[in-house]
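Asks: Okay, handing you the structure first.
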Amino acid sequence: FRTALSLRAGAAAGAALARTPPLRSAARTPARCLSVSASLPSSSRSREELGVAAAIANVKGRSRAKFDETVELAVKLGVDPRKSNQTVRGATQLPNGTGKPVRVAVFAKDADADAAREAGADVVGGEDLVQEIQKGIIEFDRCIATPEMMPIVSRVARILGPRQLMPNPKLGTVTKNVAVGVKELKGGQVQYRAEKNGIVHAGIGKVSFTDEALSENIRAFMIALTNAKPESVKGKYIQAAHLCSTMGPGFKLDIKAVDPSSPRFMM
């Protein structure tokens with residue numbers, strides 16, 4: 001009888017341990033401003049709402065990494081991305097760039113391929129590029145295609161799609177003017193998309209940027225994000241925003257300071 005009780009107790013303890021979520025170390029917290037969704041430990045979050053200038057100063061002041069960290073902006077939107085009429089996705093040009101080198105691949109042929117190479121594309125091809133991708137060779141960060149090449153590109157859609165590399169007309173990456181597309185991607189274009197919780201993440205520069213340059217980039221991004229508001233969305237669109245560096249804590253922004261419709265915008 002005692003043996004049976006011991007076995008039952010052991011089984012119950014084992015089941016309880018299996019249900020217990022693993023402990024998460026603050027040092028292993030993803031390097032995105034996830035404090036918007038309350039994913040960061042409370043000790044790492046800033047509860048005070050800051051203006052843009054103060055937030056930038058705090059992010060740069062708390063940067064301790066030995067590399068040039070990316071400054072990231074996370075914005076919680078009042079949308080439900082599960083509804084097709086509330087999808088927020090787009091791309092915009094940051095006036096001071098992102099500070100990150102971008103490798104661009106272009107699906108094109110003949111004169112379009114020559115134009116892409118002259119514009120600085122890192123990889124240009126057609127069937128040969130498809131074969132490389134199918135072999136797992138993906139040596140680029142962004143991808144552009146001419147409309148006539150899309151049937152070929154569709155063969156690797158299952159590979160490029162999950163990596164967010166699939167050319168998309170809404171993002172301007174399916175275009176006949178490949179030269180302009182390449183220059184935009186290399187010149188500081190940032191793409192954004194609302195995740196399932198309505199959160200948008202974007203790298204808006206580096207810690208080494210001047211405060212003014214980061215401020216100008218935030219301004220441009222928030223205007224673009226506001227212009228992308230779906231018509232079906234009612235109520236408060238911009239609900240929360242945080243600023244952080246790659247390895248640093250997130251700082252909560254005053255919503256009015258990042259809302260283009262507010263008279264306190266960028267204050």
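By order of appearance in the structure tokens: chains A, B, ..., then residues from 1 within every chain, and ligands from 1 in the order shown.
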Need the shell around Pro101 of chain A: protein/DNA/RNA residues with any atom at most 9 Å away, counting only C-alpha atoms. Skip same-chain ones fewer than 3 positions apart. Format as a list in words?

Replies: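 After dropping sequence-adjacent residues, the list is Thr98, Lys186 and Gly188 of chain A.
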
Asks: Quick one: pick out all alpha helix (DSSP H) residues within segment 17-224 of chain A from a backbone DSSP run and write them as a VMD selection string.

Replies: chain A and resid 17 to 19 52 to 61 110 to 119 127 to 134 150 to 153 157 to 160 178 to 186 211 to 224

Asks: Kindly indicate which residue among A:Phe209, A:Phe140, A:Tyr237, A:Tyr192 lies nearest to Leu171 of chain A, using only C-alpha atoms for the distances.

Replies: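 Checking each candidate against Leu171 of chain A, we get A:Tyr192 as the closest.
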
Asks: Write down as a ChimeraX atom specification the residues belonging to segment 36-180 of chain A that are assigned strand (DSSP E) by DSSP computed on the backbone.

Replies: /A:45-50,70-77,89-93,104-107,123-125,142-145

Asks: Do a neighbour search on Phe265 of chain A at 9 Å with only C-alpha atoms, toss out local chain neighbours closer than 2 positions, and write the hits as number ranges by chain.

Replies: A: 52, 219, 255-263, 267

Asks: If you take only C-alpha atoms and a cut-off of 6 Å, which residues of segment 51-154 of chain A touch segment 163-167 of chain A, and what are their nearest atom pairs and distances in Å to one decimal, in chain and number order, as a tab-separated table?

Replies:
```
residue	atom	partner	partner_atom	distance
A:Arg142	CA	A:Leu165	CA	5.8
A:Cys143	CA	A:Leu165	CA	5.8
A:Ile144	CA	A:Pro167	CA	5.5
```

Asks: Export all heavy atoms of the chosen residues as a short mmCIF file (atom, residue, chain, number, x, y, z; two decimals), in the first residue's frame?

Replies:
```
data_model
loop_
_atom_site.label_atom_id
_atom_site.label_comp_id
_atom_site.auth_asym_id
_atom_site.auth_seq_id
_atom_site.Cartn_x
_atom_site.Cartn_y
_atom_site.Cartn_z
N ARG A 142 17.39 41.34 -48.72
CA ARG A 142 16.16 41.81 -49.35
C ARG A 142 16.12 41.29 -50.78
O ARG A 142 17.16 40.99 -51.37
CB ARG A 142 16.08 43.34 -49.35
CG ARG A 142 16.04 43.97 -47.97
CD ARG A 142 14.71 43.72 -47.29
NE ARG A 142 14.67 44.30 -45.96
CZ ARG A 142 14.38 45.56 -45.70
NH1 ARG A 142 14.10 46.39 -46.71
NH2 ARG A 142 14.35 46.01 -44.47
N CYS A 143 14.93 41.22 -51.33
CA CYS A 143 14.77 40.65 -52.67
C CYS A 143 13.80 41.48 -53.51
O CYS A 143 12.75 41.90 -53.03
CB CYS A 143 14.27 39.22 -52.55
SG CYS A 143 14.20 38.33 -54.11
N ILE A 144 14.18 41.71 -54.76
CA ILE A 144 13.36 42.46 -55.71
C ILE A 144 13.16 41.59 -56.95
O ILE A 144 14.02 40.77 -57.29
CB ILE A 144 14.05 43.78 -56.12
CG1 ILE A 144 14.19 44.72 -54.93
CG2 ILE A 144 13.28 44.49 -57.23
CD1 ILE A 144 14.97 45.98 -55.23
#
```

Asks: Just the residues within 9 Å of Val88 of chain A, please, counting only C-alpha atoms, with nothing from its chain fewer than 6 positions along; format it as an NGL selection string.

Replies: :A and (79 or 81 or 192-195 or 198 or 200 or 225 or 228-230)

Asks: Give me a file of those residues, with C-alpha atoms, as a CSV table (one decimal), in the first residue's frame.

Replies:
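Result file follows (result31.csv):
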```
chain,number,residue,atom,x,y,z
A,79,VAL,CA,-5.7,46.7,-34.8
A,81,PRO,CA,-4.2,41.6,-37.8
A,192,TYR,CA,7.1,47.0,-41.1
A,193,ARG,CA,4.3,44.6,-40.4
A,194,ALA,CA,1.9,44.3,-37.5
A,195,GLU,CA,2.3,41.0,-35.8
A,198,GLY,CA,-0.9,44.3,-33.3
A,200,VAL,CA,5.1,46.7,-35.1
A,225,LEU,CA,2.8,54.1,-39.8
A,228,ALA,CA,-0.9,53.1,-43.2
A,229,LYS,CA,-3.9,53.0,-40.7
A,230,PRO,CA,-6.7,50.8,-42.2
```

Asks: Counting only C-alpha atoms, which of A:Ile238, A:Val207, A:Ala145, A:Gln131 gets nearest to Arg62 of chain A?

Replies: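 Among A:Ile238, A:Val207, A:Ala145, A:Gln131, it is A:Val207 that comes nearest to Arg62 of chain A.
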
Asks: Mind pulling up the distance from atom CA of Asp110 of chain A to atom CA of Gln134 of chain A?

Replies: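 These two atoms are separated by 22.9 Å.
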
Asks: What lies within 8 Å of Ile204 of chain A using only C-alpha atoms, ignoring chain neighbours under 2 positions off, as a ChimeraX atom specification?

Replies: /A:70-73,94,97-98,190,202,206,214,217-218,221

Asks: Export, as a JSON list (two decimals), in the first residue's frame, the selected residues with C-alpha atoms.

Replies:
```json
[["chain", "number", "residue", "atom", "x", "y", "z"],
["A", 70, "THR", "CA", 20.53, 48.91, -33.28],
["A", 71, "VAL", "CA", 17.96, 51.31, -31.84],
["A", 72, "GLU", "CA", 14.56, 49.66, -32.12],
["A", 73, "LEU", "CA", 11.08, 51.07, -31.93],
["A", 94, "LEU", "CA", 14.28, 56.70, -43.29],
["A", 97, "GLY", "CA", 19.13, 55.30, -43.13],
["A", 98, "THR", "CA", 19.25, 52.33, -40.78],
["A", 190, "VAL", "CA", 12.62, 49.91, -43.53],
["A", 202, "ALA", "CA", 11.41, 48.52, -36.66],
["A", 206, "LYS", "CA", 22.23, 52.80, -34.54],
["A", 214, "LEU", "CA", 17.42, 59.15, -34.62],
["A", 217, "ASN", "CA", 14.02, 58.66, -38.37],
["A", 218, "ILE", "CA", 11.39, 58.14, -35.66],
["A", 221, "PHE", "CA", 8.52, 56.13, -39.40]]
```

Asks: Please indicate the distance in Å from atom CA of Asp68 of chain A to atom CA of Thr210 of chain A, rounded to one decimal place.

Replies: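 Pair atom CA of Asp68 of chain A / atom CA of Thr210 of chain A returns 12.8 Å.
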
Asks: For a quick check of understanding, using only C-alpha atoms, which of A:Ser84, A:Gln239, A:Asp141, A:Met149 has the smallest distance to Gly125 of chain A?

Replies: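 Result for the nearest residue to Gly125 of chain A: A:Met149.
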
Asks: Just give me the gap between atom CA of Asn58 of chain A and atom CA of Lys100 of chain A in Å, one decimal is fine.

Replies: 21.7 Å

Asks: Closest to Val102 of chain A among A:Arg89, A:Lys83, A:Lys183, A:Lys135, using only C-alpha atoms?

Replies: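 Using only C-alpha atoms, the shortest distance to Val102 of chain A belongs to A:Lys183.
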
Asks: Which polymer residues have any atom within 12 Å of an atom of segment 106-108 of chain A, counting only C-alpha atoms, with same-chain residues fewer than 3 positions away left out, as a ChimeraX atom specification?

Replies: /A:103,111-130,133,139-154,156,165-167,173-183,185
